[in-house]
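File shown here: run_16.csv, holding CSV, C-alpha atoms.
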```
chain,number,residue,atom,x,y,z
A,1,MET,CA,117.6,81.5,126.9
A,2,THR,CA,117.8,78.3,124.9
A,3,VAL,CA,115.3,77.2,122.3
A,4,SER,CA,114.6,73.6,122.1
A,5,ALA,CA,114.2,71.7,118.9
A,6,THR,CA,110.6,70.8,119.9
A,7,ARG,CA,109.7,74.5,120.0
A,8,LEU,CA,111.5,75.4,116.9
A,9,PHE,CA,110.1,72.6,114.7
A,10,PRO,CA,106.6,74.0,114.4
A,11,LEU,CA,107.9,77.4,113.4
A,12,VAL,CA,110.2,75.9,110.7
A,13,LEU,CA,107.3,73.8,109.5
A,14,VAL,CA,104.9,76.8,109.2
A,15,LEU,CA,107.5,78.8,107.4
A,16,ALA,CA,108.2,75.9,104.9
A,17,LEU,CA,104.4,75.5,104.3
A,18,ALA,CA,104.1,79.3,103.7
A,19,LEU,CA,106.9,79.3,101.2
A,20,LEU,CA,105.5,76.3,99.4
A,21,THR,CA,102.0,77.9,99.3
A,22,PHE,CA,103.5,81.1,97.8
A,23,TRP,CA,105.5,79.1,95.2
A,24,LEU,CA,102.4,77.0,94.2
A,25,GLU,CA,100.2,80.1,93.9
A,26,ARG,CA,102.7,81.8,91.6
A,27,THR,CA,103.1,78.6,89.4
A,28,VAL,CA,99.4,78.1,89.1
A,29,ARG,CA,98.8,81.8,88.2
A,30,ASP,CA,101.4,81.7,85.4
A,31,GLU,CA,99.9,78.5,84.0
A,32,GLU,CA,96.3,79.8,84.1
A,33,ALA,CA,97.2,82.9,82.0
A,34,HIS,CA,96.0,82.7,78.5
A,35,PRO,CA,98.8,81.9,76.0
A,36,SER,CA,98.3,85.2,74.2
A,37,GLN,CA,99.0,87.0,77.5
A,38,ARG,CA,102.4,85.2,77.8
A,39,ARG,CA,103.6,85.7,74.2
A,40,HIS,CA,103.9,88.9,72.1
A,41,ASP,CA,101.4,87.7,69.4
A,42,PRO,CA,98.9,90.0,67.8
A,43,ASP,CA,95.2,89.4,68.6
A,44,TYR,CA,94.0,91.4,65.6
A,45,LEU,CA,95.3,93.4,62.6
A,46,VAL,CA,93.6,95.8,60.3
A,47,GLU,CA,94.7,96.7,56.8
A,48,GLN,CA,94.1,100.1,55.3
A,49,PHE,CA,93.4,101.4,58.8
A,50,VAL,CA,91.7,104.9,59.0
A,51,VAL,CA,90.4,106.8,62.1
A,52,THR,CA,88.8,110.2,61.7
A,53,LYS,CA,88.2,112.6,64.5
A,54,PHE,CA,85.7,115.5,64.5
A,55,ASN,CA,85.4,118.4,66.9
A,56,ALA,CA,82.2,119.2,68.9
A,57,ALA,CA,80.9,121.3,66.0
A,58,GLY,CA,81.2,118.4,63.6
A,59,ALA,CA,84.2,119.8,61.7
A,60,LEU,CA,87.1,117.5,60.7
A,61,GLU,CA,89.9,117.7,63.2
A,62,SER,CA,92.3,114.9,62.3
A,63,THR,CA,92.7,111.7,60.4
A,64,VAL,CA,95.1,108.8,61.2
A,65,SER,CA,95.7,106.2,58.6
A,66,ALA,CA,98.1,103.3,58.0
A,67,ALA,CA,98.7,100.5,55.6
A,68,LYS,CA,98.4,98.1,58.6
A,69,MET,CA,97.5,98.4,62.3
A,70,VAL,CA,98.5,95.5,64.6
A,71,HIS,CA,97.4,95.2,68.3
A,72,TYR,CA,99.2,93.1,70.9
A,73,PRO,CA,97.2,92.1,74.0
A,74,ASP,CA,100.1,91.2,76.3
A,75,ASP,CA,101.2,94.8,76.7
A,76,ASP,CA,98.1,96.5,75.0
A,77,SER,CA,100.4,98.1,72.4
A,78,THR,CA,99.3,99.2,68.9
A,79,GLU,CA,101.8,99.4,66.0
A,80,LEU,CA,101.3,101.0,62.6
A,81,VAL,CA,102.9,100.3,59.2
A,82,ALA,CA,103.3,103.4,57.0
A,83,PRO,CA,101.3,105.8,59.2
A,84,ARG,CA,100.0,109.1,58.0
A,85,VAL,CA,98.4,111.8,60.1
A,86,VAL,CA,96.5,114.9,58.9
A,87,GLN,CA,95.6,117.4,61.5
A,88,ALA,CA,93.3,120.2,60.3
A,89,LYS,CA,92.2,122.1,63.4
A,90,ALA,CA,90.5,125.4,63.0
A,91,ASN,CA,92.8,128.5,63.3
A,92,GLU,CA,95.9,126.3,62.9
A,93,PRO,CA,97.9,125.5,59.8
A,94,ARG,CA,97.1,122.1,58.3
A,95,MET,CA,99.8,119.6,59.4
A,96,THR,CA,100.6,116.3,57.8
A,97,LEU,CA,102.9,113.7,59.3
A,98,SER,CA,104.2,110.4,57.9
A,99,ALA,CA,106.8,107.7,58.7
A,100,ASP,CA,107.8,104.2,58.0
A,101,ARG,CA,106.2,102.8,61.1
A,102,GLY,CA,104.5,104.1,64.3
A,103,ALA,CA,102.9,103.2,67.6
A,104,ILE,CA,99.8,104.6,69.4
A,105,SER,CA,99.7,105.1,73.1
A,106,GLN,CA,97.3,103.0,75.2
A,107,ASN,CA,94.9,106.0,75.6
A,108,GLY,CA,95.1,106.8,71.9
A,109,GLU,CA,96.2,110.4,72.6
A,110,GLU,CA,99.8,110.1,71.5
A,111,LEU,CA,101.5,108.9,68.4
A,112,PHE,CA,105.1,107.8,68.0
A,113,LEU,CA,106.6,107.9,64.5
A,114,PHE,CA,109.8,106.0,63.6
A,115,GLY,CA,112.0,106.0,60.5
A,116,ASN,CA,111.9,108.7,57.9
A,117,ALA,CA,109.5,110.8,60.0
A,118,LEU,CA,108.3,113.8,58.1
A,119,LEU,CA,106.1,116.8,59.2
A,120,VAL,CA,104.7,119.2,56.6
A,121,ARG,CA,103.0,122.4,57.6
A,122,GLU,CA,101.0,123.8,54.8
A,123,ALA,CA,101.5,127.4,53.6
A,124,GLY,CA,99.0,130.0,54.9
A,125,GLY,CA,98.6,133.0,57.1
A,126,GLY,CA,101.5,134.7,55.4
A,127,ARG,CA,103.9,131.8,55.9
A,128,SER,CA,105.3,129.5,53.3
A,129,GLU,CA,105.2,125.7,53.5
A,130,ALA,CA,107.6,124.2,56.1
A,131,ARG,CA,109.1,120.7,56.3
A,132,MET,CA,110.7,118.9,59.3
A,133,GLN,CA,112.5,115.6,59.0
A,134,SER,CA,113.8,113.3,61.8
A,135,SER,CA,114.2,109.6,62.6
A,136,PHE,CA,111.6,109.9,65.4
A,137,LEU,CA,108.7,112.3,66.1
A,138,HIS,CA,106.4,112.2,69.2
A,139,VAL,CA,102.9,113.7,68.4
A,140,ILE,CA,100.5,114.8,71.1
A,141,GLY,CA,97.4,115.6,69.1
A,142,ALA,CA,95.3,117.3,71.7
A,143,ARG,CA,98.0,119.9,72.3
A,144,SER,CA,99.0,120.2,68.6
A,145,LEU,CA,102.5,119.4,69.9
A,146,VAL,CA,105.3,117.5,68.0
A,147,ARG,CA,108.6,116.8,69.7
A,148,THR,CA,111.8,114.7,69.4
A,149,ASP,CA,115.0,114.1,71.2
A,150,ARG,CA,116.8,113.2,68.0
A,151,GLU,CA,118.4,115.2,65.2
A,152,VAL,CA,115.8,117.2,63.2
A,153,HIS,CA,116.1,119.3,59.9
A,154,PHE,CA,113.7,122.2,59.3
A,155,PHE,CA,113.2,123.7,55.8
A,156,GLU,CA,111.1,126.8,55.1
A,157,SER,CA,111.5,128.9,51.9
A,158,ALA,CA,114.9,130.7,52.3
A,159,ARG,CA,115.9,129.2,55.6
A,160,THR,CA,117.2,125.9,56.9
A,161,LEU,CA,117.6,124.9,60.5
A,162,SER,CA,118.9,121.8,62.2
A,163,GLY,CA,119.5,120.7,65.7
A,164,ARG,CA,119.1,117.9,68.2
A,165,GLY,CA,115.9,118.0,70.2
A,166,MET,CA,112.9,119.9,69.0
A,167,GLU,CA,109.5,121.0,70.1
A,168,TYR,CA,107.0,122.4,67.6
A,169,HIS,CA,103.6,124.0,68.6
A,170,ASN,CA,101.4,124.0,65.5
A,171,GLU,CA,98.8,126.2,67.2
A,172,THR,CA,101.3,129.1,67.5
A,173,SER,CA,103.8,128.0,64.8
A,174,GLN,CA,106.6,128.1,67.5
A,175,LEU,CA,109.6,126.0,66.9
A,176,PHE,CA,112.2,125.3,69.6
A,177,LEU,CA,115.5,123.6,68.9
A,178,ARG,CA,117.4,122.4,71.9
A,179,ASN,CA,121.1,121.5,71.1
A,180,GLN,CA,123.7,121.7,68.3
A,181,VAL,CA,121.6,124.3,66.5
A,182,ARG,CA,122.7,125.3,63.0
A,183,ALA,CA,120.9,127.8,60.7
A,184,ARG,CA,121.3,129.1,57.2
A,185,PHE,CA,119.3,132.1,56.0
A,186,GLU,CA,119.4,133.1,52.4
A,187,PRO,CA,118.9,136.8,51.5
A,188,ALA,CA,115.7,137.6,49.7
A,189,LYS,CA,116.1,137.9,46.0
A,190,LYS,CA,115.8,141.5,44.7
A,191,LYS,CA,113.5,142.2,41.8
A,192,PRO,CA,115.2,143.8,38.9
A,193,ALA,CA,114.4,147.5,38.6
A,194,ALA,CA,112.0,148.5,35.9
A,195,LYS,CA,113.5,150.2,32.9
A,196,ARG,CA,112.3,153.7,32.1
```

This entry written out as C-alpha coordinates:
Amino acid sequence: MTVSATRLFPLVLVLALALLTFWLERTVRDEEAHPSQRRHDPDYLVEQFVVTKFNAAGALESTVSAAKMVHYPDDDSTELVAPRVVQAKANEPRMTLSADRGAISQNGEELFLFGNALLVREAGGGRSEARMQSSFLHVIGARSLVRTDREVHFFESARTLSGRGMEYHNETSQLFLRNQVRARFEPAKKKPAAKR
(Lines of atoms letter the chains of each structure in order from A and count residues from 1; the text may use other names and numbers.)
(Lines give C-alpha, C1' and ligand atoms only; values in the text may rest on other atoms or scores of the structure.)
Protein backbone atom coordinates (compact mmCIF):
# COMPACT_ATOMS: atom_id res chain seq x y z
CA MET A 1 0.00 0.00 0.00
CA THR A 2 1.45 3.35 -0.99
CA VAL A 3 0.43 6.68 0.43
CA SER A 4 0.29 9.52 -2.01
CA ALA A 5 1.48 13.02 -1.19
CA THR A 6 -2.01 14.39 -1.78
CA ARG A 7 -3.40 12.16 1.01
CA LEU A 8 -0.49 12.82 3.37
CA PHE A 9 -0.49 16.62 3.01
CA PRO A 10 -3.76 17.25 4.94
CA LEU A 11 -2.55 15.05 7.86
CA VAL A 12 0.77 16.89 8.07
CA LEU A 13 -1.04 20.24 7.88
CA VAL A 14 -3.46 19.28 10.70
CA LEU A 15 -0.57 18.04 12.88
CA ALA A 16 1.41 21.25 12.25
CA LEU A 17 -1.65 23.38 13.14
CA ALA A 18 -2.23 21.36 16.33
CA LEU A 19 1.39 21.85 17.44
CA LEU A 20 1.25 25.57 16.63
CA THR A 21 -2.00 25.94 18.61
CA PHE A 22 -0.49 24.11 21.60
CA TRP A 23 2.63 26.33 21.50
CA LEU A 24 0.58 29.55 21.21
CA GLU A 25 -1.70 28.55 24.09
CA ARG A 26 1.31 27.90 26.38
CA THR A 27 2.96 31.18 25.38
CA VAL A 28 -0.19 33.24 25.99
CA ARG A 29 -0.83 31.54 29.36
CA ASP A 30 2.71 32.36 30.56
CA GLU A 31 2.36 36.00 29.46
CA GLU A 32 -1.06 36.38 31.11
CA ALA A 33 0.22 35.30 34.52
CA HIS A 34 0.61 38.15 36.96
CA PRO A 35 4.29 39.14 37.38
CA SER A 36 4.13 38.22 41.08
CA GLN A 37 3.18 34.68 40.05
CA ARG A 38 6.34 34.34 37.95
CA ARG A 39 8.83 35.82 40.43
CA HIS A 40 9.57 34.95 44.04
CA ASP A 41 8.63 38.38 45.41
CA PRO A 42 6.72 38.83 48.67
CA ASP A 43 3.17 40.12 48.48
CA TYR A 44 3.09 41.13 52.13
CA LEU A 45 5.20 41.19 55.27
CA VAL A 46 4.35 41.69 58.91
CA GLU A 47 6.76 42.90 61.57
CA GLN A 48 6.36 41.79 65.19
CA PHE A 49 4.07 38.97 64.02
CA VAL A 50 2.04 37.15 66.73
CA VAL A 51 -0.63 34.44 66.37
CA THR A 52 -2.36 33.03 69.46
CA LYS A 53 -4.40 29.83 69.44
CA PHE A 54 -7.00 28.90 72.04
CA ASN A 55 -8.68 25.53 72.65
CA ALA A 56 -12.47 24.96 72.62
CA ALA A 57 -12.71 25.88 76.32
CA GLY A 58 -11.00 29.23 75.67
CA ALA A 59 -7.70 28.33 77.33
CA LEU A 60 -4.44 29.44 75.72
CA GLU A 61 -2.92 26.58 73.72
CA SER A 62 -0.06 28.10 71.71
CA THR A 63 1.54 31.33 70.59
CA VAL A 64 3.68 31.77 67.47
CA SER A 65 5.63 34.99 67.18
CA ALA A 66 8.41 36.32 64.96
CA ALA A 67 10.35 39.51 64.37
CA LYS A 68 9.13 39.37 60.75
CA MET A 69 6.77 37.21 58.68
CA VAL A 70 7.03 37.27 54.86
CA HIS A 71 4.54 35.63 52.46
CA TYR A 72 5.33 34.69 48.83
CA PRO A 73 2.36 34.20 46.46
CA ASP A 74 4.17 32.21 43.75
CA ASP A 75 4.48 29.10 45.95
CA ASP A 76 2.22 30.24 48.85
CA SER A 77 5.15 29.94 51.27
CA THR A 78 5.50 31.82 54.55
CA GLU A 79 8.90 32.53 56.09
CA LEU A 80 9.67 33.77 59.60
CA VAL A 81 12.63 35.70 61.00
CA ALA A 82 13.53 34.87 64.63
CA PRO A 83 10.46 32.69 65.29
CA ARG A 84 9.39 31.73 68.82
CA VAL A 85 6.69 29.20 69.70
CA VAL A 86 5.19 28.65 73.14
CA GLN A 87 2.94 25.61 73.47
CA ALA A 88 0.97 25.41 76.73
CA LYS A 89 -1.57 22.62 76.25
CA ALA A 90 -3.38 21.28 79.31
CA ASN A 91 -1.79 18.17 80.88
CA GLU A 92 1.46 18.72 78.96
CA PRO A 93 4.68 20.40 80.04
CA ARG A 94 5.03 23.92 78.66
CA MET A 95 7.30 23.86 75.60
CA THR A 96 9.13 26.82 74.07
CA LEU A 97 10.88 26.66 70.69
CA SER A 98 13.03 29.27 68.96
CA ALA A 99 15.37 29.55 65.97
CA ASP A 100 17.09 32.02 63.65
CA ARG A 101 14.48 31.54 60.93
CA GLY A 102 11.46 29.40 60.15
CA ALA A 103 8.76 28.49 57.66
CA ILE A 104 5.08 27.69 58.10
CA SER A 105 3.33 24.98 56.04
CA GLN A 106 0.55 26.08 53.68
CA ASN A 107 -2.16 24.72 55.99
CA GLY A 108 -0.52 26.40 59.01
CA GLU A 109 -0.30 23.15 60.98
CA GLU A 110 3.45 22.60 60.72
CA LEU A 111 6.43 24.77 61.52
CA PHE A 112 9.99 24.29 60.28
CA LEU A 113 12.77 25.89 62.36
CA PHE A 114 16.27 26.47 60.92
CA GLY A 115 19.52 27.64 62.51
CA ASN A 116 20.18 27.44 66.25
CA ALA A 117 16.87 25.66 66.84
CA LEU A 118 16.21 25.29 70.56
CA LEU A 119 13.43 23.47 72.40
CA VAL A 120 12.96 24.04 76.14
CA ARG A 121 10.57 21.84 78.11
CA GLU A 122 9.80 23.48 81.44
CA ALA A 123 10.20 21.61 84.72
CA GLY A 124 7.10 20.04 86.21
CA GLY A 125 5.48 16.75 87.05
CA GLY A 126 8.58 15.56 88.90
CA ARG A 127 10.86 16.30 85.95
CA SER A 128 13.52 18.95 85.65
CA GLU A 129 13.84 21.39 82.76
CA ALA A 130 15.07 19.84 79.50
CA ARG A 131 16.76 21.51 76.50
CA MET A 132 17.21 20.22 72.95
CA GLN A 133 19.44 21.90 70.37
CA SER A 134 19.67 21.18 66.65
CA SER A 135 20.20 22.96 63.34
CA PHE A 136 16.64 22.00 62.26
CA LEU A 137 13.39 21.11 64.03
CA HIS A 138 10.05 20.15 62.45
CA VAL A 139 7.08 20.96 64.73
CA ILE A 140 3.62 19.41 64.30
CA GLY A 141 1.58 21.37 66.81
CA ALA A 142 -1.66 19.38 66.75
CA ARG A 143 0.22 16.20 67.71
CA SER A 144 2.65 17.92 70.13
CA LEU A 145 5.41 16.31 68.07
CA VAL A 146 8.88 17.68 67.33
CA ARG A 147 11.31 15.82 65.08
CA THR A 148 14.50 16.22 63.13
CA ASP A 149 16.73 14.19 60.82
CA ARG A 150 19.81 16.17 61.90
CA GLU A 151 22.12 15.95 64.88
CA VAL A 152 20.46 16.85 68.17
CA HIS A 153 21.73 17.42 71.72
CA PHE A 154 19.51 16.84 74.76
CA PHE A 155 20.31 18.17 78.25
CA GLU A 156 18.34 17.38 81.40
CA SER A 157 19.75 17.77 84.95
CA ALA A 158 22.42 15.04 85.28
CA ARG A 159 22.12 13.51 81.81
CA THR A 160 23.22 14.45 78.33
CA LEU A 161 22.12 12.66 75.17
CA SER A 162 23.02 13.25 71.54
CA GLY A 163 22.28 11.52 68.26
CA ARG A 164 21.21 11.94 64.67
CA GLY A 165 17.48 11.89 64.06
CA MET A 166 15.03 12.53 66.88
CA GLU A 167 11.34 12.40 67.67
CA TYR A 168 9.97 14.04 70.81
CA HIS A 169 6.36 13.65 71.97
CA ASN A 170 5.58 16.42 74.44
CA GLU A 171 2.28 14.85 75.50
CA THR A 172 4.04 11.75 76.89
CA SER A 173 7.55 13.25 77.30
CA GLN A 174 8.93 10.41 75.15
CA LEU A 175 12.19 11.04 73.34
CA PHE A 176 13.43 8.75 70.55
CA LEU A 177 16.95 9.11 69.15
CA ARG A 178 17.55 7.23 65.88
CA ASN A 179 21.28 6.95 65.03
CA GLN A 180 24.75 7.57 66.47
CA VAL A 181 23.33 7.81 69.98
CA ARG A 182 25.67 8.85 72.78
CA ALA A 183 24.69 9.33 76.41
CA ARG A 184 26.28 10.52 79.62
CA PHE A 185 24.64 10.04 83.01
CA GLU A 186 26.17 11.60 86.09
CA PRO A 187 25.52 9.90 89.42
CA ALA A 188 23.29 11.71 91.87
CA LYS A 189 25.26 13.66 94.44
CA LYS A 190 25.04 12.18 97.92
CA LYS A 191 24.08 14.44 100.76
CA PRO A 192 26.60 14.52 103.60
CA ALA A 193 25.56 12.51 106.62
CA ALA A 194 24.33 14.52 109.58
CA LYS A 195 26.74 14.69 112.54
CA ARG A 196 25.56 13.25 115.82

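Each of A:Pro42, A:Glu25, A:Lys89, A:Thr78 was compared to Phe54 (chain A) using all atoms listed in the file, and A:Lys89 turns out to be the nearest.
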
*Name the residues in contact with Gln106 (chain A) at a cut-off of 10 Å, using all atoms listed in the file, excluding same-chain residues fewer than 5 positions from it; report them as number ranges by chain.*
A: 75-78, 111

*Mind checking which residues fall within 7 Å of region 120-133 of chain A, counting all atoms listed in the file, ignoring those fewer than 5 positions away in the same chain, and posting them as a ChimeraX atom specification?*
/A:93-97,152-157

Could you list, as a CSV table (one decimal) with C-alpha atoms, in the frame of the given file, every residue within 6 Å of Leu137 (chain A), counting only C-alpha atoms and ignoring same-chain residues fewer than 5 positions away?
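Below is the file that was written, around.csv:
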```
chain,number,residue,atom,x,y,z
A,113,LEU,CA,106.6,107.9,64.5
A,147,ARG,CA,108.6,116.8,69.7
A,148,THR,CA,111.8,114.7,69.4
```

_Exercise: Leu145 (chain A) partners within 9 Å, all atoms listed in the file, chain neighbours under 5 positions left out, as a PyMOL selection string_ = chain A and resi 138-140+167-171

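Taking CA of Ala67 (chain A) and CA of Asp41 (chain A) as endpoints, the distance between them is 19.0 Å.
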
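Using only C-alpha atoms, the smallest distance between any of A:Ala59, A:Ile104, A:Ala158, A:Ala66 and Glu79 (chain A) comes from A:Ile104.
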